[in-house]
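Following: one structure in structure tokens, then a few remarks.
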Number of protein chains: 2
Amino acid sequence: MSLHLSGWDDTIVALATPPGVGALGIIRLSGKKAIEVVNALFPSKNLAKQPSHTLHVGYLKRGEAVLDEVVVSLYKAPRSYTGEDIVEISCHGSPFIHQQVIEACLQEGTRLAKPGEFTQRAFLNGKLDLAQAEAVADLIASNTEASHKTALNSIRGGFSSLLKQLRDQLIQFSALIELELDFSQEDVEFADRTRLQSLVQTAHEQTQHLLQSFQLGNVIKNGVSVAIIGKPNAGKSTLLNALLKEDRAIVSDIPGTTRDTIEEIINIDGILFRLIDTAGIRTHSTDVIEAVGIERSLEKMKQANVVLYLFDVNETGVTELEKIVADLEAQAVYPLLVGNKVDLVNEVAARQKFQMVAGVLFIAAKSGLHLDVLKQRMVDAVLQDKVQPENVIVTNARHYHALQEVDKSLQEVMAGLENKIPGDLLSLDIRRSLHYLGIITGEVSNEDLLGYVFSKFCIGK
Amino acid sequence: MSLHLSGWDDTIVALATPPGVGALGIIRLSGKKAIEVVNALFPSKNLAKQPSHTLHVGYLKRGEAVLDEVVVSLYKAPRSYTGEDIVEISCHGSPFIHQQVIEACLQEGTRLAKPGEFTQRAFLNGKLDLAQAEAVADLIASNTEASHKTALNSIRGGFSSLLKQLRDQLIQFSALIELELDFSQEDVEFADRTRLQSLVQTAHEQTQHLLQSFQLGNVIKNGVSVAIIGKPNAGKSTLLNALLKEDRAIVSDIPGTTRDTIEEIINIDGILFRLIDTAGIRTHSTDVIEAVGIERSLEKMKQANVVLYLFDVNETGVTELEKIVADLEAQAVYPLLVGNKVDLVNEVAARQKFQMVAGVLFIAAKSGLHLDVLKQRMVDAVLQDKVQPENVIVTNARHYHALQEVDKSLQEVMAGLENKIPGDLLSLDIRRSLHYLGIITGEVSNEDLLGYVFSKFCIGK
């Protein structure tokens with residue numbers, strides 16, 4: 001555990017609530033001296049003698065000067081988030097006071113916490129594995145039903161217990177191989193190669209399943225980008241407004257929203273859709289259908305998870321539409337075709353007119369007709385691989401890459417079994433896959449990895 | 001108490017921490033159903049059976065769906081901020097989660113709290129008087145040592161106990177007058193008119209003292225505006241930068257900072273100085289010294305608490321400086337004269353050159369020479385009436401206006417005593433002054449007044 005020794009014995013302090021003015025602000029301390037430090041500033045009670053999980057009201061003082069009237073929450077080790085003594089000071093929500101209180105704590109011998117350092121300590125004390133710790137950051141950043149659910153599921157250990165299953169299978173495999181190696185000089189015939197095969201097969205399927213969930217996981221975490229393209233008179237802004245009207249996401253601050261393109265964000269069935277409204281795609285939307293100048297907005301279309309091609313059913317010819325589809329598909333863009341401006345009278349006619357073009361959806365953006373069908377189609381486009389948000393879903397790119405390595409090793413084991421390569425070589429591959437599983441949960445870790453993981457946290461968590 | 005009945009029996013809920021992403025967010029409930037509501041969402045423990053001032057870790061659930069892993073703080077009536085049952089739910093700091101938790105609380109039969117409603121309930125339950133409640137809002141908005149100290153002093157009852165003293169004196173006066181009235185038909189000679197005079201005199205002096213403190217109170221609460229004027233080559237920006245370098249206020253968001261003028265804010269001895277850098281004053285700074293076009297920036301200079309006239313000691317003649325001072329004083333602007341660009345060699349010469357002009361201060365902004373003296377002079381300019389921030393200081397305009405009414409009534413009582421007017425008339429004036437004292441502390445209040453006071457709070461406090 002020498003890697004953890006640096007800064008392991010000291011006591012850390014940070015503002016745990018968002019900065020700014022509010023009713024309350026919480027300053028959190030963790031470490032061996034947490035209670036002693038707050039005790040020195042909180043003369044009305046001897047906190048060291050108070051039981052864990054209790055609240056204490058009083059004045060926080062620095063010498064004779066009163067800093068604030070506060071409530072102190074006491075969590076004694078190991079019954080705390082970090083596993084260390086934790087004290088939380090609930091102050092009035094004034095940035096000036098927070099600064100004063102933090103300064104007073106620093107003077108009493110604590111230091112400022114680094115981003116994620118409370119959670120890092122929880123990990124180092126065995127309160128959470130690394131995958132669970134990472135899910136804490138995801139939970140805080142979660143802004144939809146689906147991202148919230150997957151993050152919480154991970155914190156509660158859903159992902160970790162699946163990894164543990166996987167690990168148990170691989171260790172069982174390893175044990176069987178070791179057995180074979182022990183007896184190898186006796187040239188024993190092993191009937192259990194089928195058993196080995198079935199074990200690694202199952203492990204590989206589970207890994208594959210997790211890998212496949214990443215596409216959805218990514219979408220859940222980062223949202224689905226939708227590029228709406230079409231001629232200027234196709235009704236793009238009417239559609240945009242109609243979608244926004246009902247489902248505009250309440251989220252005001254989506255991390256990672258690019259600043260150079262305007263995006264409107266809507267929430268359908270708990271999944272965020274980022275409707276991309278790039279100046280490029282808008283201005284050059286007429287070019288798009290002529291296959292000239294298509295390159296300019298092509299890049300953005302290709303980056304989008306869904307491309308929605310909107311056209312006016314009354315103004316668009318069948319041949320014209322077929323040409324557009326062919327042009328887009330030639331560029332590897334497979335649009336969702338949406339015929340706009342149908343109404344109750346001409347819907348049948350429109351359906352007949354475009355019956356030769358597959359998969360066209362008919363709507364009337366202005367009156368909202370069939371918008372529900374469009375939204376369902378957008379959700380289906382995301383959930384096409386039938387992974388449901390209720391399942392364990394990989395949302396973290398680091399986990400995804402480690403799982404790819406696990407997968408690679410397992411494939412080599414399977415090939416090795418096929419080719420009857422010696423057990424000691426199989427054993428190496430299995431150990432390699434166990435190593436990468438350990439990287440996800442943090443059983444295998446180093447300072448760089450931890451630094452990378454926890455630097456993405458906010459300070460105070 | 002009928003005025004309090006509306007919405008008095010229900011349970012309120014609000015986010016108590018600043019909105020946004022952080023490690024933690026606190027959702028606060030107060031009212032008769034607070035414990036019952038959270039209990040319904042927190043199945044792992046029966047909160048009703050737990051003692052007050054305890055912390056409980058568990059999952060917050062809405063039916064089967066887990067909302068978050070939370071810590072619940074329990075404060076049972078009357079041992080709470082509002083005097084009612086209070087439950088605080090400490091969630092992960094995700095706006096999405098906060099919204100979900102608040103919605104779940106609303107569904108269980110609470111309603112969203114209005115701004116300041118927790119503190120209003122504390123007032124209505126006799127936990128705080130109105131002046132103390134208002135100081136809570138001031139404390140949250142405080143961004144300097146001085147504003148923090150005066151607000152905290154008010155919350156702790158410093159101002160309220162002074163008002164109580166005042167009130168006791170006036171009630172004593174009232175009692176003596178009533179006595180006189182009771183015996184008036186017997187035409188008793190009252191030796192105690194001197195006693196009455198001395199009582200009202202003392203009360204009047206205290207009121208005057210409080211009224212005088214408001215100038216400082218206002219400065220403490222809103223900062224001191226300083227207009228730095230002078231010729232373009234006088235070194236204004238050098239001075240500005242030199243002052244900013246050491247003392248720039250850490251405050252990022254000062255309420256009330258005007259958007260149309262650029263202000264730099266520095267903190268000297270716990271008092272905020274807002275260095276006004278208006279385009280007007282800058283552009284027309286040459287005009288200023290020629291007394292033409294002075295009107296353009298005059299308005300802004302007059303609004304400033306301190307006008308600092310900076311000049312280059314090497315480039316400015318004595319007669320020229322005297323003319324500038326005369327011109328400014330003719331416009332009722334009394335500048336702090338600061339001679340810039342002295343160095344160790346020519347300081348003595350400069351002092352001799354300008355010895356006929358009173359009160360000139362010599363600095364070298366570039367090297368920082370004598371900046372400490374300038375800063376002390378700026379602080380002195382504010383504290384000139386010798387009221388120290390340690391004393392009770394009126395910072396609230398509402399209190400100031402009520403005290404003015406108290407003062408007016410007391411002056412009438414004194415004049416009445418002088419003119420030997422009948423006791424029943426004196427009694428009326430005294431009751432009037434007691435009424436206005438009661439308006440400050442909230443003993444006299446109505447829904448409009450409370451609405452006005454608490455609307456200035458943030459939601460959740």
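Ligands are numbered from 1 in the order shown, residues from 1 within each chain, and chains are lettered A, B, ... in the order they appear in the structure tokens.
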
Excluding A:His98 and residues on its chain fewer than 5 positions from it, collect all residues at most 9 Å away from it, counting only C-alpha atoms, and give them as a PyMOL selection string. chain A and resi 15+25-27+91-93+103

Closest atom pairs, residues of chain B within 8 Å of chain A, only C-alpha atoms, as JSON lines:
```
{"residue": "B:Ala16", "atom": "CA", "partner": "A:Ala23", "partner_atom": "CA", "distance": 5.0}
{"residue": "B:Thr17", "atom": "CA", "partner": "A:Leu24", "partner_atom": "CA", "distance": 5.0}
{"residue": "B:Pro18", "atom": "CA", "partner": "A:Gly22", "partner_atom": "CA", "distance": 4.6}
{"residue": "B:Pro19", "atom": "CA", "partner": "A:Pro18", "partner_atom": "CA", "distance": 6.9}
{"residue": "B:Gly20", "atom": "CA", "partner": "A:Pro18", "partner_atom": "CA", "distance": 6.0}
{"residue": "B:Val21", "atom": "CA", "partner": "A:Pro18", "partner_atom": "CA", "distance": 6.0}
{"residue": "B:Gly22", "atom": "CA", "partner": "A:Pro18", "partner_atom": "CA", "distance": 4.6}
{"residue": "B:Ala23", "atom": "CA", "partner": "A:Lys461", "partner_atom": "CA", "distance": 4.6}
{"residue": "B:Leu24", "atom": "CA", "partner": "A:Thr17", "partner_atom": "CA", "distance": 5.0}
{"residue": "B:Gly25", "atom": "CA", "partner": "A:Thr17", "partner_atom": "CA", "distance": 6.1}
{"residue": "B:Ile26", "atom": "CA", "partner": "A:Leu24", "partner_atom": "CA", "distance": 8.0}
{"residue": "B:His53", "atom": "CA", "partner": "A:Leu55", "partner_atom": "CA", "distance": 4.7}
{"residue": "B:Thr54", "atom": "CA", "partner": "A:Thr54", "partner_atom": "CA", "distance": 4.3}
{"residue": "B:Leu55", "atom": "CA", "partner": "A:His53", "partner_atom": "CA", "distance": 4.7}
{"residue": "B:His56", "atom": "CA", "partner": "A:His53", "partner_atom": "CA", "distance": 7.0}
{"residue": "B:Val66", "atom": "CA", "partner": "A:Leu152", "partner_atom": "CA", "distance": 7.9}
{"residue": "B:Asp68", "atom": "CA", "partner": "A:Leu152", "partner_atom": "CA", "distance": 7.1}
{"residue": "B:Ser73", "atom": "CA", "partner": "A:Leu55", "partner_atom": "CA", "distance": 7.7}
{"residue": "B:His92", "atom": "CA", "partner": "A:Ile140", "partner_atom": "CA", "distance": 6.0}
{"residue": "B:Gly93", "atom": "CA", "partner": "A:Ile140", "partner_atom": "CA", "distance": 5.5}
{"residue": "B:Ser94", "atom": "CA", "partner": "A:Ile140", "partner_atom": "CA", "distance": 4.4}
{"residue": "B:Pro95", "atom": "CA", "partner": "A:Asn143", "partner_atom": "CA", "distance": 7.2}
{"residue": "B:Phe96", "atom": "CA", "partner": "A:Asn143", "partner_atom": "CA", "distance": 5.0}
{"residue": "B:Ile97", "atom": "CA", "partner": "A:His148", "partner_atom": "CA", "distance": 7.8}
{"residue": "B:Leu139", "atom": "CA", "partner": "A:Ser94", "partner_atom": "CA", "distance": 7.1}
{"residue": "B:Ile140", "atom": "CA", "partner": "A:Ser94", "partner_atom": "CA", "distance": 4.4}
{"residue": "B:Ala141", "atom": "CA", "partner": "A:Ser94", "partner_atom": "CA", "distance": 6.1}
{"residue": "B:Ser142", "atom": "CA", "partner": "A:Ser94", "partner_atom": "CA", "distance": 6.6}
{"residue": "B:Asn143", "atom": "CA", "partner": "A:Phe96", "partner_atom": "CA", "distance": 5.0}
{"residue": "B:Thr144", "atom": "CA", "partner": "A:Phe96", "partner_atom": "CA", "distance": 6.7}
{"residue": "B:His148", "atom": "CA", "partner": "A:Ile97", "partner_atom": "CA", "distance": 7.8}
{"residue": "B:Leu152", "atom": "CA", "partner": "A:Asp68", "partner_atom": "CA", "distance": 7.1}
{"residue": "B:Val251", "atom": "CA", "partner": "A:Phe96", "partner_atom": "CA", "distance": 7.5}
{"residue": "B:Cys458", "atom": "CA", "partner": "A:Gly22", "partner_atom": "CA", "distance": 6.6}
{"residue": "B:Ile459", "atom": "CA", "partner": "A:Ala23", "partner_atom": "CA", "distance": 7.3}
{"residue": "B:Gly460", "atom": "CA", "partner": "A:Ala23", "partner_atom": "CA", "distance": 5.6}
{"residue": "B:Lys461", "atom": "CA", "partner": "A:Ala23", "partner_atom": "CA", "distance": 4.6}
```

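Taking only C-alpha atoms into account, B:Lys221 lies nearest to B:Asn396 out of the set B:Ile268, B:Pro115, B:Asn396, B:Tyr59.
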
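Atom CA of B:Ser161 sits 18.3 Å away from atom CA of B:Ala122.
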
Backbone-only DSSP, helix (DSSP H, G or I) members of stretch 82-291 of chain B, as a ChimeraX atom specification: /B:95-107,117-124,130-141,145-155,158-182,184-186,193-222,232-234,236-247,279-283,285-288

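Proximity ranking of B:Ser427, B:Ser409, B:Ser455, B:Thr110 relative to B:Asp10 places B:Thr110 first, based on only C-alpha atoms.
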
Residues at most 9 Å from stretch 126-132 of chain B, counting only C-alpha atoms, excluding those fewer than 6 positions away in the same chain, as JSON, numbers by chain? {"B": [81, 82, 83, 119, 120, 151, 152, 154, 155, 156, 157, 159, 160, 396, 399, 439, 440, 441, 442, 443, 450, 453]}

Selection to disk with N, CA and C atoms, as a PDB file, in the first residue's frame:
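Dumped to result_26.pdb:
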```pdb
ATOM      1  N   TYR B  81     -34.358  25.361  13.644  1.00  0.00           N
ATOM      2  CA  TYR B  81     -34.259  26.748  13.170  1.00  0.00           C
ATOM      3  C   TYR B  81     -35.621  27.416  13.113  1.00  0.00           C
ATOM      4  N   THR B  82     -36.619  26.700  12.587  1.00  0.00           N
ATOM      5  CA  THR B  82     -37.951  27.284  12.447  1.00  0.00           C
ATOM      6  C   THR B  82     -38.794  27.116  13.705  1.00  0.00           C
ATOM      7  N   GLY B  83     -38.376  26.233  14.592  1.00  0.00           N
ATOM      8  CA  GLY B  83     -39.203  25.889  15.733  1.00  0.00           C
ATOM      9  C   GLY B  83     -40.172  24.753  15.419  1.00  0.00           C
ATOM     10  N   THR B 119     -37.166  31.209   7.462  1.00  0.00           N
ATOM     11  CA  THR B 119     -36.843  32.246   8.441  1.00  0.00           C
ATOM     12  C   THR B 119     -38.112  32.949   8.920  1.00  0.00           C
ATOM     13  N   GLN B 120     -39.084  33.110   8.013  1.00  0.00           N
ATOM     14  CA  GLN B 120     -40.357  33.717   8.402  1.00  0.00           C
ATOM     15  C   GLN B 120     -41.030  32.868   9.482  1.00  0.00           C
ATOM     16  N   ALA B 151     -23.632  41.969  10.546  1.00  0.00           N
ATOM     17  CA  ALA B 151     -24.795  41.097  10.363  1.00  0.00           C
ATOM     18  C   ALA B 151     -24.856  40.052  11.472  1.00  0.00           C
ATOM     19  N   LEU B 152     -23.716  39.441  11.764  1.00  0.00           N
ATOM     20  CA  LEU B 152     -23.676  38.402  12.786  1.00  0.00           C
ATOM     21  C   LEU B 152     -24.016  38.991  14.149  1.00  0.00           C
ATOM     22  N   SER B 154     -25.996  41.477  14.653  1.00  0.00           N
ATOM     23  CA  SER B 154     -27.446  41.672  14.678  1.00  0.00           C
ATOM     24  C   SER B 154     -28.179  40.359  14.917  1.00  0.00           C
ATOM     25  N   ILE B 155     -27.717  39.280  14.250  1.00  0.00           N
ATOM     26  CA  ILE B 155     -28.367  37.981  14.443  1.00  0.00           C
ATOM     27  C   ILE B 155     -28.257  37.556  15.904  1.00  0.00           C
ATOM     28  N   ARG B 156     -27.102  37.805  16.494  1.00  0.00           N
ATOM     29  CA  ARG B 156     -26.901  37.411  17.888  1.00  0.00           C
ATOM     30  C   ARG B 156     -27.657  38.319  18.838  1.00  0.00           C
ATOM     31  N   GLY B 157     -28.338  39.353  18.313  1.00  0.00           N
ATOM     32  CA  GLY B 157     -29.219  40.146  19.160  1.00  0.00           C
ATOM     33  C   GLY B 157     -28.637  41.458  19.639  1.00  0.00           C
ATOM     34  N   PHE B 159     -28.281  44.413  18.085  1.00  0.00           N
ATOM     35  CA  PHE B 159     -29.175  45.508  17.721  1.00  0.00           C
ATOM     36  C   PHE B 159     -30.489  45.375  18.486  1.00  0.00           C
ATOM     37  N   SER B 160     -31.005  44.171  18.534  1.00  0.00           N
ATOM     38  CA  SER B 160     -32.287  43.942  19.204  1.00  0.00           C
ATOM     39  C   SER B 160     -32.222  44.317  20.678  1.00  0.00           C
ATOM     40  N   ASN B 396     -29.749  48.614   7.672  1.00  0.00           N
ATOM     41  CA  ASN B 396     -30.945  48.312   6.903  1.00  0.00           C
ATOM     42  C   ASN B 396     -31.777  49.573   6.736  1.00  0.00           C
ATOM     43  N   HIS B 399     -34.966  49.828   8.752  1.00  0.00           N
ATOM     44  CA  HIS B 399     -34.744  50.170  10.156  1.00  0.00           C
ATOM     45  C   HIS B 399     -34.433  51.655  10.294  1.00  0.00           C
ATOM     46  N   ILE B 439     -42.078  48.141  14.858  1.00  0.00           N
ATOM     47  CA  ILE B 439     -42.028  47.811  13.429  1.00  0.00           C
ATOM     48  C   ILE B 439     -40.655  47.237  13.067  1.00  0.00           C
ATOM     49  N   ILE B 440     -39.621  47.723  13.731  1.00  0.00           N
ATOM     50  CA  ILE B 440     -38.278  47.196  13.444  1.00  0.00           C
ATOM     51  C   ILE B 440     -38.165  45.747  13.911  1.00  0.00           C
ATOM     52  N   THR B 441     -38.602  45.504  15.145  1.00  0.00           N
ATOM     53  CA  THR B 441     -38.428  44.159  15.695  1.00  0.00           C
ATOM     54  C   THR B 441     -39.520  43.192  15.251  1.00  0.00           C
ATOM     55  N   GLY B 442     -40.599  43.739  14.649  1.00  0.00           N
ATOM     56  CA  GLY B 442     -41.661  42.870  14.178  1.00  0.00           C
ATOM     57  C   GLY B 442     -42.757  42.646  15.201  1.00  0.00           C
ATOM     58  N   GLU B 443     -42.663  43.311  16.378  1.00  0.00           N
ATOM     59  CA  GLU B 443     -43.779  43.196  17.316  1.00  0.00           C
ATOM     60  C   GLU B 443     -45.038  43.779  16.688  1.00  0.00           C
ATOM     61  N   LEU B 450     -44.250  41.780   6.229  1.00  0.00           N
ATOM     62  CA  LEU B 450     -43.538  40.498   6.223  1.00  0.00           C
ATOM     63  C   LEU B 450     -43.227  40.068   4.793  1.00  0.00           C
ATOM     64  N   VAL B 453     -40.269  42.060   3.652  1.00  0.00           N
ATOM     65  CA  VAL B 453     -39.005  41.666   4.280  1.00  0.00           C
ATOM     66  C   VAL B 453     -38.515  40.328   3.732  1.00  0.00           C
TER      67      VAL B 453
END
```

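Take atom CA of A:Leu196 and atom CA of A:Ser445: the distance between them is 28.7 Å.
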
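Contact shell of A:Ala415 at 12 Å (only C-alpha atoms; same-chain neighbours under 5 positions omitted): Gln197, Val200, Gln201, Lys408, Ser409, Leu410, Lys420, Ile421, Pro422, Leu425, Leu426 and Asp429 of chain A.
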
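In this structure, atom CA of B:Lys341 sits 7.4 Å away from atom CA of B:Asn314.
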
Spatial neighbours of stretch 355-360 of chain A, max dist 9 Å, only C-alpha atoms, sep filter under 2 positions, as JSON, numbers by chain: {"A": [318, 321, 322, 336, 337, 338, 339, 350, 351, 352, 353, 362]}
